[in-house]
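Student: After the C-alpha cells below, expect a handful of questions from me.
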Amino acid sequence: MNIIVVGGGGREHAIIKKLKENPAAETIYALPGNGGIAADAVCVPEIGARDIDAIVDFAASHAIDFAVVAPDDPLALGCVDRLHAIGIPCFGPDAKAARIEASKVFAKGLMKKYHIPTARYEVFDDPAKALDYLRGASFPIVIKADGLALGKGVLIPQTLSEAEAAVRTIMEDRAFGDSGNEIVIEEFLTGPEVSVLAFTDGTAIVPMVSSMDHKRAGDGDTGLNTGGMGTVAPNPCYTPEIARACMDTIFLPTLAAMRAEGCPFKGCLYFGLMLTPDGPKVIEYNCRFGDPETQVVLPLLKTDLLTVMQAVENGTLADMNVEWSDGAAACVILASGGYPGHYEKGKPITLPDALPGNVTVYHAGDALADGQLVTSGGRVLGVTAAAPTLKEALRDAYAAAESVEFEGKYLRHDIGRRALAALAD
Ligand code: AMP
Ligand code: GLY
C-alpha cells in the first residue's frame with residue numbers, strides 16, 4: 001500500500017512510525033514531513049499541509065491507497081472531502097465534522113443543544129456587547145476566539161480591565177484574524193485536565209489510553225501557553241469510574257449529536273476534559289490527534305494502527321478489539337530557546353549513536369541542511385520513553401533528553417510531576 005500522511009510534526013512522526021509496523025505499508029509519503037521524518041518516510045517538503053490542491057494532485061498521481069490527514073487546518077479546509085471525491089480512503093473527519101474544533105461557537109452550541117456537560121457561556125459578535133457583559137461578570141473568566149488560532153486563541157483574564165483588553169485584542173486588533181469575528185465568553189472551571197483521544201467511525205468509539213499535557217512554557221505551569229511541552233500517559237486522575245461516566249455523559253452523546261446534526265464524525269476525536277467538582281466537563285474538542293499526546297498514546301497501542309484506521313474509514317470499528325499495553329509513557333519536548341516567543345533556527349542537532357530500546361525520538365521542528373539535522377521550529381524534538389511504570393518512563397525520557405544536544409535547547413524539568421503526585425495519593 002502507498003500511504004500519505006499530511007503534516008510534518010512530532011504527531012505525524014509518531015503516526016508514521018506506527019503505520020510502518022504493518023508490512024503492507026510499502027511507501028509512506030509525508031506532506032511535507034520534516035528532517036527527522038525523512039528517516040522513516042518519503043518527505044515532500046514542497047507540499048505544505050494547507051496546500052489542498054497540491055495534496056490532492058499528489059495523491060492522484062502516486063497511486064495512493066490510503067491517506068491520513070493529521071493537522072486541524074487541512075481537515076477544516078476539506079482535505080478529506082477532496083480526497084474522498086477522487087476515491088481515496090482517508091482517516092480523518094470531513095470539513096463539516098471538523099467544525100467541532102474549527103468553530104468554538106459550533107462546538108458550544110452542540111453541547112448546549114444535546115446537554116453535554118461544559119462551561120456555561122455566551123457568544124458575541126459585537127465587541128461593545130461583549131464589554132457590557134463583562135462589566136457584570138465574575139473573574140477569572142475565559143475568552144475564546146471562535147476559529148482556529150494555533151492553540152493560542154484562549155485568554156483567561158483575572159480582572160475586568162484584562163478582560164476588556166482581551167476582547168479588544170481578539171475583536172478589534174484581530175490578533176487571530178477572522179478567527180476572532182465571534183468570541184465565546186465562558187465560565188472558568190477548575191480541576192485536573194485530561195486528554196482523551198478516541199477512534200470513532202461515527203457510531204462505535206474506542207477511547208485510547210488517557211494522557212496529560214503540560215501546556216505552559218515554564219516549570220510549575222508558569223509562563224506562556226505553548227503547543228505542549230510534554231505529556232504522560234495514562235493520566236492517573238482519569239479513573240475507570242470517571243472513564244465510564246465520560247462514556248455515558250460525553251463521548252456517546254457527542255457522537256449521537258454529530259450524527260443528528262448530519263455530520264457524523266469519523267477519525268480521531270480528541271476530548272479535552274476538566275474533572276470539575278461537578279463532574280467531568282468538556283473544555284474543548286479537537287478533530288484530530290493531539291500533539292504531543294500522540295507521542296505517548298500510540299507507543300502504548302498494541303493493535304496495528306493501519307488496521308484500526310481502515311476500520312474507522314470502513315465503519316467497522318465495532319468489530320475490532322483494540323488493545324493497549326499496561327505500561328506508561330512519557331514525552332519530554334526539547335524546544336528552541338525563546339519558544340513560544342522568538343527563537344533562532346538552523347542550530348545543528350546531535351543525537352546519541354544509540355538509544356535504549358524503549359526510547360523514541362520524534363522529530364517535530366527540524367530540517368536537513370546538507371545532510372545535517374538542524375533546528376527549524378519552536379518545538380524541535382519529543383523524547384518518549386515507554387516503561388512498566390510512569391516513574392521509569394520519566395526517568396528514561398529525561399536521561400535520553402539529556403543526551404540530545406543543540407544550541408539553546410530548552411525543556412521543562414517537571415513533566416509528570418503532578419501525575420506522580422496523583423499516583424501517590
Ligand atoms: P484550549 O485551547 O481550548 O485547550 O484552552 C487552552 C487551555 O485554557 C486549556 O487547556 C485550559 O487549561 C484552559 N481553559 C480553557 N477553557 C477553560 C475554562 N472554561 N475554565 C478553565 N480553564 C480553561
Ligand atoms: N496538545 C494539545 C493539542 O494538540 O491541541
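Letters A, B, ... go to the chains of the C-alpha cells in the order shown; residues in each chain start at 1; ligands are counted from 1 in the same order.
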Distance limit 6 Å, reference ligand 1, atoms considered: only C-alpha atoms and all ligand atoms. Which residues make the cut? Give them as a PyMOL selection string.

Tutor: chain A and resi 119+142+151+154+186-190+283-284

Student: Write as a PyMOL selection string the residues around ligand 2, taking 7 Å as the cut-off and counting only C-alpha atoms and all ligand atoms.

Tutor: chain A and resi 151+213+227-228+286+289-293

Student: Report the distance between atom CA of Arg412 of chain A and atom CA of Gln295 of chain A in Å, rounded to one decimal place.

Tutor: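 Separation of atom CA of Arg412 of chain A and atom CA of Gln295 of chain A: 16.5 Å.
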
Student: Run DSSP on the backbone and tell me which residues of segment 289-392 of chain A come out as strand (DSSP E); list them as a ChimeraX atom specification.

Tutor: /A:328-336,359-363,366-369,372-375,379-387

Student: Please list as an NGL selection string every residue within 8 Å of Pro207 of chain A, counting only C-alpha atoms and excluding residues in the same chain fewer than 2 positions away.

Tutor: :A and (196-199 or 205 or 209-210)

Student: How would the residues just picked look written out with N, CA and C atoms as a PDB file, in the first residue's frame?

Tutor:
```
ATOM      1  N   VAL A 196      -8.401  12.881  26.275  1.00  0.00           N
ATOM      2  CA  VAL A 196      -8.793  11.541  25.822  1.00  0.00           C
ATOM      3  C   VAL A 196      -8.964  11.588  24.309  1.00  0.00           C
ATOM      4  N   LEU A 197      -8.074  10.881  23.617  1.00  0.00           N
ATOM      5  CA  LEU A 197      -8.202  10.737  22.160  1.00  0.00           C
ATOM      6  C   LEU A 197      -9.023   9.471  21.931  1.00  0.00           C
ATOM      7  N   ALA A 198      -9.858   9.487  20.910  1.00  0.00           N
ATOM      8  CA  ALA A 198     -10.697   8.305  20.675  1.00  0.00           C
ATOM      9  C   ALA A 198     -10.810   8.046  19.181  1.00  0.00           C
ATOM     10  N   PHE A 199     -10.696   6.770  18.824  1.00  0.00           N
ATOM     11  CA  PHE A 199     -11.028   6.368  17.456  1.00  0.00           C
ATOM     12  C   PHE A 199     -12.541   6.286  17.365  1.00  0.00           C
ATOM     13  N   ILE A 205     -17.081   3.792  19.262  1.00  0.00           N
ATOM     14  CA  ILE A 205     -15.983   4.628  19.757  1.00  0.00           C
ATOM     15  C   ILE A 205     -15.037   3.787  20.596  1.00  0.00           C
ATOM     16  N   VAL A 209      -5.729   5.262  25.442  1.00  0.00           N
ATOM     17  CA  VAL A 209      -5.211   5.497  26.789  1.00  0.00           C
ATOM     18  C   VAL A 209      -5.246   7.014  27.051  1.00  0.00           C
ATOM     19  N   SER A 210      -5.670   7.415  28.245  1.00  0.00           N
ATOM     20  CA  SER A 210      -5.771   8.850  28.560  1.00  0.00           C
ATOM     21  C   SER A 210      -4.377   9.458  28.712  1.00  0.00           C
TER      22      SER A 210
END
```

Student: Please report the interatomic distance between atom CA of Thr222 of chain A and atom CA of Arg417 of chain A in Å with one decimal.

Tutor: 14.1 Å

Student: Quick one: pull the distance between atom CA of Ala419 of chain A and atom CA of Pro340 of chain A, Å, one decimal.

Tutor: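 So the answer is 24.0 Å.
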
Student: Do you know which residues are at most 10 Å from Lys18 of chain A counting only C-alpha atoms, after dropping those on the same chain fewer than 5 positions away, and could you put them as a PyMOL selection string?

Tutor: chain A and resi 12-13+298-299+301-306

Student: Per DSSP on the backbone, filter segment 67-100 of chain A down to the residues in helix (DSSP H, G or I) and report them as number ranges by chain.

Tutor: A: 72-76, 79-85, 95-100

Student: Print the selection's residues with C-alpha atoms to a file, as a PDB file, in the first residue's frame.

Tutor:
```
ATOM      1  CA  ASP A  72      -6.560  20.705  12.053  1.00  0.00           C
ATOM      2  CA  ASP A  73      -6.060  23.163   9.176  1.00  0.00           C
ATOM      3  CA  PRO A  74      -6.311  20.727   6.234  1.00  0.00           C
ATOM      4  CA  LEU A  75      -9.206  18.931   7.933  1.00  0.00           C
ATOM      5  CA  ALA A  76     -11.114  22.206   8.339  1.00  0.00           C
ATOM      6  CA  CYS A  79      -8.804  17.864   2.562  1.00  0.00           C
ATOM      7  CA  VAL A  80     -10.662  14.632   3.376  1.00  0.00           C
ATOM      8  CA  ASP A  81     -13.701  15.693   1.302  1.00  0.00           C
ATOM      9  CA  ARG A  82     -11.426  16.364  -1.668  1.00  0.00           C
ATOM     10  CA  LEU A  83      -9.508  13.079  -1.332  1.00  0.00           C
ATOM     11  CA  HIS A  84     -12.749  11.127  -0.978  1.00  0.00           C
ATOM     12  CA  ALA A  85     -14.021  12.835  -4.138  1.00  0.00           C
ATOM     13  CA  ALA A  95     -14.913  19.601   6.817  1.00  0.00           C
ATOM     14  CA  LYS A  96     -18.430  19.604   8.231  1.00  0.00           C
ATOM     15  CA  ALA A  97     -17.434  17.322  11.107  1.00  0.00           C
ATOM     16  CA  ALA A  98     -14.127  19.188  11.633  1.00  0.00           C
ATOM     17  CA  ARG A  99     -16.198  22.223  12.722  1.00  0.00           C
ATOM     18  CA  ILE A 100     -16.281  20.558  16.139  1.00  0.00           C
TER      19      ILE A 100
END
```

Student: May I have the residues within 6 Å of segment 123-129 of chain A as a compact mmCIF listing (two decimals) with N, CA, C and O atoms, in the first residue's frame, using only C-alpha atoms and disregarding those fewer than 4 positions away in the same chain?

Tutor:
```
# COMPACT_ATOMS: atom_id res chain seq x y z
N GLU A 182 -16.11 36.18 15.98
CA GLU A 182 -17.01 35.91 17.09
C GLU A 182 -16.15 35.43 18.25
O GLU A 182 -15.09 34.83 18.05
N ILE A 183 -16.65 35.66 19.47
CA ILE A 183 -15.95 35.12 20.64
C ILE A 183 -16.93 34.38 21.53
O ILE A 183 -18.13 34.66 21.52
N VAL A 184 -16.39 33.43 22.27
CA VAL A 184 -17.14 32.75 23.32
C VAL A 184 -16.58 33.26 24.63
O VAL A 184 -15.36 33.30 24.82
```

Student: Write out as a PyMOL selection string which residues come within 12 Å of Glu162 of chain A when counting only C-alpha atoms, dropping same-chain ones fewer than 5 positions away.

Tutor: chain A and resi 131+134-135+139-143+155-157+167-169

Student: Using only C-alpha atoms, which protein or nucleic acid residues come within 10 Å of Ile47 of chain A? Drop anything in the same chain fewer than 4 positions from it, and give the result as a ChimeraX atom specification.

Tutor: /A:6-7,30-33,43,51-55,58
